[in-house]
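Structure data follow from run_18.txt (compact mmCIF, C-alpha atoms):
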# COMPACT_ATOMS: atom_id res chain seq x y z
CA MET A 1 -6.40 -28.37 -28.33
CA SER A 2 -5.29 -26.76 -31.59
CA PRO A 3 -2.15 -24.59 -31.43
CA THR A 4 -2.49 -20.82 -31.19
CA ARG A 5 -2.19 -19.11 -34.57
CA LEU A 6 0.20 -16.18 -34.93
CA LEU A 7 0.90 -13.81 -37.77
CA VAL A 8 4.51 -12.64 -37.98
CA VAL A 9 5.23 -9.54 -40.09
CA GLU A 10 8.98 -9.03 -40.65
CA ASP A 11 10.77 -7.78 -43.78
CA ASP A 12 14.21 -9.18 -42.83
CA SER A 13 14.21 -12.74 -44.17
CA SER A 14 16.73 -14.12 -41.66
CA VAL A 15 14.92 -12.61 -38.65
CA ARG A 16 11.58 -13.80 -40.02
CA ALA A 17 12.88 -17.34 -40.50
CA THR A 18 14.45 -17.41 -37.03
CA ILE A 19 11.27 -16.20 -35.31
CA THR A 20 9.15 -18.67 -37.27
CA ALA A 21 11.42 -21.61 -36.46
CA PHE A 22 11.53 -20.70 -32.77
CA LEU A 23 7.75 -20.36 -32.46
CA ASP A 24 7.20 -23.57 -34.44
CA CYS A 25 9.36 -25.38 -31.91
CA GLU A 26 7.27 -23.87 -29.10
CA GLY A 27 4.13 -25.37 -30.61
CA TYR A 28 2.59 -22.34 -32.31
CA SER A 29 0.99 -22.27 -35.75
CA VAL A 30 2.82 -19.45 -37.54
CA ASP A 31 2.01 -17.55 -40.73
CA ALA A 32 4.90 -15.28 -41.71
CA VAL A 33 4.83 -12.47 -44.28
CA ALA A 34 7.44 -10.00 -45.48
CA SER A 35 5.39 -6.90 -46.32
CA THR A 36 2.52 -4.81 -45.02
CA ARG A 37 0.60 -5.57 -48.22
CA GLU A 38 0.73 -9.31 -47.47
CA ALA A 39 -0.13 -8.63 -43.84
CA MET A 40 -3.22 -6.60 -44.80
CA ALA A 41 -4.35 -9.36 -47.13
CA ARG A 42 -3.97 -11.99 -44.40
CA LEU A 43 -5.80 -9.84 -41.86
CA THR A 44 -8.65 -9.27 -44.28
CA GLY A 45 -9.29 -12.99 -44.72
CA GLU A 46 -8.15 -14.40 -41.37
CA CYS A 47 -8.78 -13.69 -37.68
CA TYR A 48 -5.52 -13.95 -35.75
CA PRO A 49 -5.55 -13.81 -31.93
CA ILE A 50 -1.90 -12.65 -31.82
CA VAL A 51 0.16 -10.63 -34.29
CA LEU A 52 3.92 -10.06 -33.97
CA SER A 53 5.05 -7.23 -36.27
CA ASP A 54 8.09 -5.15 -36.97
CA ILE A 55 7.41 -1.42 -37.09
CA TYR A 56 9.62 -0.20 -39.94
CA ILE A 57 8.77 -2.47 -42.89
CA ASP A 58 8.10 -0.75 -46.23
CA GLU A 59 6.00 2.22 -47.34
CA LYS A 60 3.70 1.38 -44.46
CA THR A 61 4.58 0.45 -40.91
CA GLY A 62 3.71 -1.90 -38.11
CA LEU A 63 1.37 0.80 -36.83
CA ASP A 64 -0.72 0.27 -39.95
CA VAL A 65 -0.62 -3.48 -39.27
CA LEU A 66 -1.74 -2.75 -35.70
CA GLU A 67 -4.70 -0.74 -36.93
CA ALA A 68 -5.71 -3.42 -39.43
CA ALA A 69 -5.35 -6.23 -36.88
CA ARG A 70 -7.47 -4.43 -34.30
CA ARG A 71 -10.05 -3.61 -36.97
CA SER A 72 -10.20 -7.27 -38.03
CA ASN A 73 -10.29 -8.58 -34.46
CA PRO A 74 -10.77 -6.00 -31.66
CA SER A 75 -9.40 -8.45 -29.09
CA CYS A 76 -6.26 -9.19 -31.14
CA ALA A 77 -3.05 -8.87 -29.09
CA VAL A 78 -0.50 -7.05 -31.23
CA ILE A 79 3.16 -7.11 -30.17
CA LEU A 80 5.36 -4.63 -32.03
CA MET A 81 9.13 -4.90 -32.36
CA THR A 82 11.82 -2.58 -33.68
CA ALA A 83 15.52 -1.79 -33.49
CA ARG A 84 14.77 1.95 -33.76
CA ALA A 85 12.59 2.63 -30.76
CA SER A 86 11.53 6.21 -30.04
CA MET A 87 9.07 7.83 -27.69
CA GLU A 88 6.96 8.83 -30.69
CA THR A 89 6.55 5.26 -31.97
CA VAL A 90 5.94 3.91 -28.47
CA MET A 91 3.26 6.56 -27.91
CA ALA A 92 1.62 5.77 -31.24
CA ALA A 93 1.70 2.04 -30.48
CA THR A 94 0.20 2.58 -27.04
CA ARG A 95 -2.58 4.79 -28.35
CA GLY A 96 -3.29 2.28 -31.09
CA GLY A 97 -3.91 -0.44 -28.51
CA ALA A 98 -0.72 -2.49 -28.88
CA PHE A 99 -0.46 -5.26 -26.29
CA ASP A 100 3.29 -4.89 -25.88
CA TYR A 101 6.43 -3.46 -27.43
CA VAL A 102 9.73 -5.28 -27.94
CA ALA A 103 13.08 -3.63 -28.69
CA LYS A 104 15.52 -5.44 -31.00
CA PRO A 105 17.75 -7.31 -30.57
CA PHE A 106 15.43 -9.20 -28.26
CA ASP A 107 15.83 -12.23 -26.08
CA PHE A 108 13.66 -15.05 -27.46
CA ASP A 109 12.63 -16.17 -23.98
CA ASP A 110 11.45 -12.64 -23.29
CA MET A 111 9.50 -12.58 -26.54
CA LEU A 112 7.96 -15.96 -25.68
CA GLU A 113 6.96 -14.67 -22.25
CA LYS A 114 5.15 -11.73 -23.84
CA ILE A 115 3.33 -14.02 -26.28
CA ARG A 116 2.28 -16.36 -23.47
CA ARG A 117 1.11 -13.38 -21.45
CA ALA A 118 -1.00 -12.34 -24.44
CA GLU A 119 -2.43 -15.87 -24.61
CA SER A 120 -3.31 -15.76 -20.92
CA ALA A 121 -5.02 -12.40 -21.32
CA LEU A 122 -7.04 -13.68 -24.28
CA ALA A 123 -8.00 -16.86 -22.43
CA ALA A 124 -9.05 -14.90 -19.37
CA SER A 125 -11.23 -12.66 -21.50
CA GLU A 126 -13.32 -15.60 -22.74
CA GLY A 127 -16.53 -15.58 -20.75
CA ASP A 128 -15.42 -12.48 -18.85
CA GLU A 129 -17.99 -10.08 -20.22
CA GLU A 130 -17.40 -6.35 -20.26
CA THR A 131 -19.53 -4.25 -17.92
CA ASP A 132 -21.08 -0.82 -18.13
CA VAL A 133 -23.45 1.41 -16.17
CA ASP A 134 -25.98 3.68 -17.84
CA ASN A 135 -27.49 5.39 -14.79
CA ILE A 136 -24.46 7.10 -13.27
CA PRO A 137 -25.78 10.07 -11.26
CA ASP A 138 -24.98 13.49 -12.72
CA SER A 139 -23.60 14.78 -9.44
CA GLU A 140 -20.33 15.67 -7.73
CA VAL A 141 -20.98 12.84 -5.29
CA ILE A 142 -21.59 9.54 -7.08
CA ALA A 143 -23.36 7.15 -4.72
CA SER A 144 -26.67 5.37 -4.33
CA SER A 145 -25.96 2.95 -1.47
CA ALA A 146 -28.16 2.93 1.65
CA PRO A 147 -25.52 4.59 3.90
CA MET A 148 -25.05 7.43 1.40
CA VAL A 149 -28.80 7.89 0.99
CA GLU A 150 -28.88 8.54 4.74
CA VAL A 151 -26.14 11.16 4.23
CA TYR A 152 -28.23 12.80 1.49
CA LYS A 153 -31.24 12.93 3.82
CA VAL A 154 -29.21 14.69 6.50
CA ILE A 155 -27.79 17.18 3.99
CA SER A 156 -31.28 18.00 2.71
CA ARG A 157 -32.22 19.12 6.23
CA VAL A 158 -29.06 20.95 7.31
CA ALA A 159 -28.01 22.58 4.01
CA PRO A 160 -30.76 25.27 3.95
CA THR A 161 -29.77 26.41 7.45
CA ASP A 162 -26.69 28.33 8.58
CA ALA A 163 -25.71 25.72 11.18
CA THR A 164 -22.02 24.90 11.52
CA VAL A 165 -21.43 21.37 10.24
CA LEU A 166 -18.65 18.97 11.22
CA ILE A 167 -17.99 16.27 8.62
CA GLU A 168 -16.19 13.23 9.98
CA GLY A 169 -14.68 10.52 7.81
CA GLU A 170 -11.56 8.66 6.85
CA THR A 171 -9.09 10.12 4.38
CA GLY A 172 -10.40 9.88 0.84
CA THR A 173 -14.11 9.56 1.65
CA GLY A 174 -15.00 12.81 -0.11
CA LYS A 175 -15.46 15.27 2.74
CA GLU A 176 -14.83 18.33 0.56
CA LEU A 177 -17.35 17.09 -2.03
CA ILE A 178 -19.97 16.80 0.72
CA ALA A 179 -19.09 20.30 1.95
CA ARG A 180 -19.56 21.62 -1.59
CA MET A 181 -22.90 19.83 -1.79
CA ILE A 182 -24.02 21.49 1.44
CA HIS A 183 -23.01 24.88 0.02
CA ARG A 184 -24.71 24.23 -3.32
CA HIS A 185 -28.02 23.42 -1.62
CA SER A 186 -27.87 26.36 0.78
CA ARG A 187 -29.13 29.92 0.36
CA ARG A 188 -25.48 30.90 -0.16
CA PHE A 189 -25.10 28.82 -3.36
CA ASP A 190 -24.35 31.86 -5.56
CA SER A 191 -21.63 33.18 -3.22
CA PRO A 192 -18.05 31.94 -2.77
CA PHE A 193 -17.11 28.51 -1.46
CA VAL A 194 -13.57 28.73 -0.11
CA PRO A 195 -11.77 25.54 1.01
CA VAL A 196 -8.86 25.77 3.47
CA ASP A 197 -6.46 22.91 4.19
CA CYS A 198 -5.68 23.65 7.83
CA GLY A 199 -2.92 21.08 7.96
CA ALA A 200 -1.02 22.77 5.13
CA ILE A 201 -0.77 26.21 6.76
CA ALA A 202 2.07 26.95 9.17
CA PRO A 203 0.79 27.99 12.64
CA SER A 204 2.55 31.36 12.30
CA LEU A 205 0.57 32.12 9.13
CA LEU A 206 -2.89 30.97 10.24
CA GLU A 207 -4.02 34.31 11.62
CA SER A 208 -3.08 36.34 8.54
CA GLU A 209 -4.35 33.60 6.21
CA LEU A 210 -7.80 33.44 7.78
CA PHE A 211 -8.25 36.97 9.16
CA GLY A 212 -6.09 39.00 6.77
CA ALA A 213 -3.30 41.51 7.45
CA MET A 214 -2.67 45.22 6.98
CA ARG A 215 0.24 46.66 5.07
CA GLY A 216 3.30 46.87 7.31
CA ALA A 217 1.87 44.47 9.90
CA TYR A 218 4.90 42.21 9.53
CA THR A 219 8.06 41.96 7.46
CA GLY A 220 7.14 41.56 3.80
CA ALA A 221 3.56 42.82 4.18
CA ASP A 222 3.78 45.41 1.41
CA ARG A 223 0.01 45.64 0.87
CA ASP A 224 -3.27 44.97 2.65
CA ARG A 225 -4.24 41.32 2.46
CA THR A 226 -7.82 40.10 2.62
CA GLY A 227 -8.26 36.97 4.74
CA VAL A 228 -10.21 33.85 3.82
CA PHE A 229 -13.23 34.68 5.97
CA GLU A 230 -13.62 38.15 4.52
CA SER A 231 -13.09 36.98 0.94
CA ALA A 232 -15.88 34.42 1.43
CA ASN A 233 -18.36 36.99 2.78
CA ARG A 234 -21.97 35.76 2.31
CA GLY A 235 -20.58 32.37 1.28
CA THR A 236 -19.13 29.26 2.89
CA VAL A 237 -15.67 28.51 4.27
CA PHE A 238 -14.63 24.86 4.44
CA LEU A 239 -12.02 24.20 7.13
CA ASP A 240 -10.58 20.82 6.17
CA GLU A 241 -8.63 18.84 8.77
CA ILE A 242 -9.58 21.24 11.55
CA GLY A 243 -7.91 18.91 14.04
CA GLU A 244 -4.56 20.11 12.70
CA ILE A 245 -5.10 23.74 13.79
CA ASP A 246 -2.51 24.95 16.28
CA PHE A 247 -3.82 24.82 19.85
CA ASN A 248 -2.87 28.45 20.52
CA PHE A 249 -4.90 29.63 17.53
CA GLN A 250 -8.01 27.65 18.45
CA LEU A 251 -9.23 30.40 20.81
CA SER A 252 -9.10 32.97 17.97
CA LEU A 253 -11.13 30.65 15.78
CA LEU A 254 -13.66 30.12 18.57
CA ARG A 255 -14.10 33.88 18.95
CA PHE A 256 -14.74 34.23 15.24
CA LEU A 257 -17.37 31.47 15.26
CA GLN A 258 -19.11 33.21 18.16
CA GLU A 259 -18.88 36.83 17.00
CA HIS A 260 -18.48 36.52 13.20
CA GLU A 261 -15.92 39.30 13.30
CA VAL A 262 -12.42 39.39 11.86
CA ARG A 263 -9.60 41.65 12.90
CA PRO A 264 -6.78 41.62 10.34
CA VAL A 265 -3.25 41.55 11.73
CA GLY A 266 -2.24 45.18 12.33
CA ALA A 267 -5.82 46.52 12.08
CA ALA A 268 -7.25 48.90 14.72
CA ARG A 269 -10.77 47.45 14.74
CA SER A 270 -12.74 44.35 13.84
CA ARG A 271 -15.04 43.87 10.83
CA LYS A 272 -18.28 41.93 10.62
CA VAL A 273 -18.49 39.13 8.06
CA ASP A 274 -21.36 36.84 7.11
CA VAL A 275 -19.85 33.39 6.59
CA ARG A 276 -21.06 29.86 7.15
CA VAL A 277 -18.38 27.45 8.37
CA VAL A 278 -18.23 23.76 7.48
CA CYS A 279 -15.43 21.76 9.14
CA ALA A 280 -14.01 18.33 8.45
CA THR A 281 -11.66 15.92 10.16
CA ASN A 282 -10.35 12.39 9.89
CA ARG A 283 -9.28 12.42 13.53
CA ASP A 284 -11.07 11.63 16.79
CA LEU A 285 -11.60 15.16 18.14
CA GLN A 286 -13.25 13.92 21.33
CA LYS A 287 -10.11 11.93 22.11
CA MET A 288 -7.99 15.00 21.34
CA VAL A 289 -10.13 17.00 23.79
CA ASP A 290 -9.60 14.35 26.47
CA GLU A 291 -5.85 14.49 25.83
CA GLY A 292 -5.78 18.29 26.04
CA ARG A 293 -4.83 18.78 22.39
CA PHE A 294 -8.11 20.36 21.25
CA ARG A 295 -10.12 22.99 23.11
CA GLN A 296 -13.33 21.63 24.57
CA ASP A 297 -15.23 24.90 24.01
CA LEU A 298 -14.22 24.92 20.32
CA TRP A 299 -15.25 21.28 20.06
CA PHE A 300 -18.68 22.12 21.46
CA ARG A 301 -18.99 25.06 19.04
CA ILE A 302 -18.18 23.16 15.82
CA ASN A 303 -20.10 20.07 16.92
CA THR A 304 -23.45 21.80 16.37
CA PHE A 305 -24.26 19.34 13.62
CA ARG A 306 -22.12 16.24 13.04
CA LEU A 307 -22.21 14.29 9.79
CA ARG A 308 -20.33 10.99 9.44
CA LEU A 309 -19.25 9.84 6.00
CA PRO A 310 -19.11 6.04 5.68
CA PRO A 311 -15.91 4.50 4.27
CA LEU A 312 -16.12 2.94 0.83
CA ARG A 313 -15.98 -0.60 2.28
CA GLU A 314 -19.39 0.08 3.90
CA ARG A 315 -20.97 1.35 0.69
CA ALA A 316 -22.00 -1.85 -1.11
CA GLY A 317 -22.87 -1.11 -4.72
CA ASP A 318 -21.13 2.26 -4.97
CA VAL A 319 -17.85 0.74 -6.20
CA ASN A 320 -19.58 -0.24 -9.43
CA LEU A 321 -20.91 3.27 -10.03
CA LEU A 322 -17.66 4.99 -9.05
CA ALA A 323 -15.41 2.67 -11.05
CA HIS A 324 -17.38 3.19 -14.24
CA ALA A 325 -17.65 6.95 -13.67
CA PHE A 326 -13.88 7.28 -13.19
CA LEU A 327 -13.21 4.99 -16.16
CA ARG A 328 -15.34 7.17 -18.43
CA LYS A 329 -13.56 10.26 -17.11
CA TYR A 330 -10.07 8.95 -17.88
CA ASN A 331 -11.07 7.37 -21.20
CA GLU A 332 -12.25 10.81 -22.29
CA ARG A 333 -9.25 12.63 -20.81
CA TYR A 334 -6.63 10.38 -22.42
CA ASN A 335 -8.58 9.33 -25.52
CA LEU A 336 -8.62 5.68 -24.42
CA ALA A 337 -11.17 2.89 -24.74
CA ALA A 338 -10.51 0.83 -21.61
CA ARG A 339 -13.28 -1.55 -20.54
CA LEU A 340 -14.02 -3.07 -17.15
CA THR A 341 -14.85 -6.77 -17.16
CA GLU A 342 -17.03 -8.73 -14.75
CA SER A 343 -14.02 -10.32 -13.05
CA GLY A 344 -12.32 -6.94 -12.79
CA LEU A 345 -15.39 -5.41 -11.18
CA LYS A 346 -15.63 -8.35 -8.77
CA ALA A 347 -12.02 -7.80 -7.69
CA LEU A 348 -12.69 -4.09 -7.15
CA GLU A 349 -15.78 -4.81 -5.09
CA GLU A 350 -13.98 -7.34 -2.88
CA TYR A 351 -11.11 -4.99 -2.01
CA THR A 352 -11.35 -3.11 1.32
CA TRP A 353 -10.15 0.30 -0.03
CA PRO A 354 -8.10 1.73 2.85
CA GLY A 355 -7.75 4.92 0.81
CA ASN A 356 -11.48 5.02 0.04
CA VAL A 357 -12.88 6.85 -3.02
CA ARG A 358 -9.66 8.76 -3.67
CA GLN A 359 -7.70 5.51 -3.88
CA LEU A 360 -10.29 3.99 -6.22
CA GLN A 361 -10.08 7.06 -8.46
CA HIS A 362 -6.28 6.89 -8.73
CA MET A 363 -6.43 3.14 -9.35
CA MET A 364 -8.98 3.49 -12.16
CA GLU A 365 -6.76 6.11 -13.80
CA ARG A 366 -3.81 3.73 -13.56
CA LEU A 367 -5.83 0.75 -14.84
CA ALA A 368 -7.24 2.70 -17.78
CA ILE A 369 -3.72 3.51 -18.92
CA LEU A 370 -1.82 0.33 -18.13
CA SER A 371 -4.21 -2.58 -18.70
CA ALA A 372 -3.15 -4.77 -21.60
CA GLY A 373 -5.44 -4.34 -24.59
CA GLY A 374 -7.58 -1.94 -22.60
CA ARG A 375 -9.35 -4.78 -20.75
CA ILE A 376 -9.47 -4.35 -17.00
CA ASP A 377 -9.89 -7.86 -15.65
CA MET A 378 -9.24 -9.50 -12.28
CA ASP A 379 -5.52 -9.98 -12.96
CA SER A 380 -5.16 -6.30 -13.91
CA VAL A 381 -6.87 -5.17 -10.69
CA LEU A 382 -4.91 -7.54 -8.44
CA GLN A 383 -1.65 -6.43 -10.05
CA ALA A 384 -2.56 -2.75 -9.57
CA ILE A 385 -3.43 -3.40 -5.92
CA GLU A 386 -0.07 -5.10 -5.38
CA ASP A 387 1.78 -2.28 -7.19
CA MET A 388 0.13 0.29 -4.92
CA ASN A 389 0.57 -1.82 -1.78
CA PRO A 390 3.85 -3.75 -2.13
CA ARG A 391 4.41 -6.33 0.60
CA GLU A 392 7.41 -5.83 2.84
CA GLY A 393 10.43 -7.66 1.49
CA VAL A 394 8.94 -8.03 -1.98
CA THR A 395 10.25 -5.93 -4.85
CA GLU A 396 7.45 -3.75 -6.19
CA SER A 397 6.14 -5.05 -9.48
CA LEU A 398 6.67 -1.64 -11.02
CA ALA A 399 10.42 -2.19 -10.69
CA ASP A 400 10.19 -5.33 -12.84
CA THR A 401 8.04 -3.78 -15.57
CA GLU A 402 8.86 -0.11 -15.14
CA ALA A 403 10.00 0.54 -18.72
CA GLU A 404 6.74 -0.79 -20.14
CA GLN A 405 4.56 1.00 -17.61
CA ILE A 406 6.42 4.31 -17.81
CA ARG A 407 6.17 4.34 -21.62
CA LYS A 408 2.44 3.64 -21.48
CA VAL A 409 1.77 6.32 -18.88
CA MET A 410 3.97 8.90 -20.61
CA ALA A 411 2.15 8.21 -23.86
CA ALA A 412 -1.27 8.58 -22.28
CA VAL A 413 -0.45 11.90 -20.57
CA ASN A 414 1.41 13.40 -23.55
CA ASN A 415 4.75 13.41 -21.72
CA ASN A 416 3.43 15.37 -18.74
CA LYS A 417 6.01 14.19 -16.21
CA SER A 418 4.23 15.52 -13.13
CA ARG A 419 1.02 13.72 -14.06
CA ALA A 420 2.92 10.55 -15.00
CA ALA A 421 4.79 10.50 -11.69
CA LYS A 422 1.50 10.82 -9.78
CA ILE A 423 -0.11 7.95 -11.68
CA LEU A 424 2.96 5.74 -11.26
CA GLY A 425 3.12 6.56 -7.56
CA ILE A 426 6.69 7.88 -7.62
CA GLU A 427 8.38 11.23 -7.09
CA ARG A 428 8.95 13.39 -10.16
CA LYS A 429 12.73 13.38 -9.63
CA THR A 430 12.60 9.57 -9.49
CA LEU A 431 10.75 9.52 -12.80
CA TYR A 432 13.44 11.75 -14.33
CA ARG A 433 16.14 9.30 -13.25
CA LYS A 434 14.24 6.35 -14.67
CA LEU A 435 13.64 8.15 -17.99
CA GLU A 436 17.33 8.98 -18.18
CA ARG A 437 18.28 5.34 -17.62
CA MET A 438 15.80 4.33 -20.31
CA GLY A 439 17.38 6.76 -22.75
CA LEU A 440 14.22 8.87 -22.88
Conversion result in structure tokens:
Amino acid sequence: MSPTRLLVVEDDSSVRATITAFLDCEGYSVDAVASTREAMARLTGECYPIVLSDIYIDEKTGLDVLEAARRSNPSCAVILMTARASMETVMAATRGGAFDYVAKPFDFDDMLEKIRRAESALAASEGDEETDVDNIPDSEVIASSAPMVEVYKVISRVAPTDATVLIEGETGTGKELIARMIHRHSRRFDSPFVPVDCGAIAPSLLESELFGAMRGAYTGADRDRTGVFESANRGTVFLDEIGEIDFNFQLSLLRFLQEHEVRPVGAARSRKVDVRVVCATNRDLQKMVDEGRFRQDLWFRINTFRLRLPPLRERAGDVNLLAHAFLRKYNERYNLAARLTESGLKALEEYTWPGNVRQLQHMMERLAILSAGGRIDMDSVLQAIEDMNPREGVTESLADTEAEQIRKVMAAVNNNKSRAAKILGIERKTLYRKLERMGL
């Protein structure tokens, strides 16, 4: 097998000679140039799989070399190096599609590891064709599998009615999206849809949150407050995680569902409202009833029409649609050009997705940003799965490559630290500490 060809672009003659000698000893075929003009000429006439370039060279920079290399060979792995690293240059390199970034003075073993990683990525890409999907449904809910078609059939029958619906499903299956679909296909479609996260409201605040409160009803009530049910009049209220509602408040909710009347805290009389209620839960409400933690009469009332959402692992074929839909979304959002390969898609389809669609969405965002060269292959997916689900006793991979990953994510989200922390799966204060240690 012929040795891998590399182009080295470095204006410092001693550094250039040292890098060339080292790579020659490691069995690489090296062409070394001292200027961007020479580099452009080489890239015009040759097709290099790997380019190693300094950033600050002459009147042009390594970023220009990066652009030329990627134009000459879109799969070219460009590794940039500099002694004057800054967030701006790292961001520009990341957006330009650089494979990696090396700070000088560098350890030659580390540089060799990055080059070999680039070789592995290039070798893996051979025969691993990129995938795409043209017929992604233009809908909030992206699915065409048999279990989801059954869900659509049920929605088509219940949506036009005013029946209370209970949506059951694991976390991340898209219960709110289904509730919105029910509302959109109902006669109430042009009225408000108001979602309520029952688990996020303190028991002491539930009554005023849902029914409203009059001025002076409690300390701090300096004005009349309209409750959720009244604000959604003629529309739909979505009570998410209804199993989290305080047991003592469940009777009040039952009365509302029966009478469709609200009585704000501190009010003298009740008011009629016209609201459809859709509930959702990821818990076993029947078991909660048996254990005395959920009122049986409320359970009977909300169980008028039950709709079960299948987990993603039961939706063969939908992973393909969802993965490509999310990839397009984040490519557009972050101005990226990430591509999903056949092996990458196979790895996604073979995973069991304990976090369901929501987990897949977050993973595709992460993969779009972090995958080397923008190619999402099997190795990229398996690494992302391990990063999100570190085994006990094993240091999370993010800790070993955190500087590289944090720079890439920060570049993609334009330094939005809250967004970066979410994508990296860490707390914002943790991200601040890491950035401080990195000198950023």
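Take CA of Leu360 (chain A) and CA of Leu312 (chain A): the distance between them is 9.2 Å.
The residue that comes closest to Phe249 (chain A), out of A:Arg234, A:Thr352, A:Lys287, A:Leu205 and on the basis of all atoms listed in the file, is A:Leu205.
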**Asked** Contacts of region 424-439 of chain A at 9 Å or less, counting only C-alpha atoms, minus same-chain residues fewer than 4 places along, as a count of residues only?
**Response** 13
**Request:** Work out how far apart CA of Gly96 (chain A) and CA of Val133 (chain A) are and give it in Å to one decimal.
**Result:** 25.1 Å
Which centre and which edge lengths, in Å to one decimal, describe the axis-aligned box that holds all listed atoms of region 406-421 of chain A after 5 Å is added on each side, as lines of an AutoDock Vina configuration file?
center_x = 2.6
center_y = 9.6
center_z = -17.8
size_x = 17.7
size_y = 21.9
size_z = 22.2
**Request:** Write out as a list in words which residues come within 9 Å of Ala83 (chain A) when counting only C-alpha atoms, dropping same-chain ones fewer than 5 positions away.
**Result:**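 Answer for this query is Asp54, Ile55, Tyr56, Val102, Ala103, Lys104 and Pro105 of chain A.
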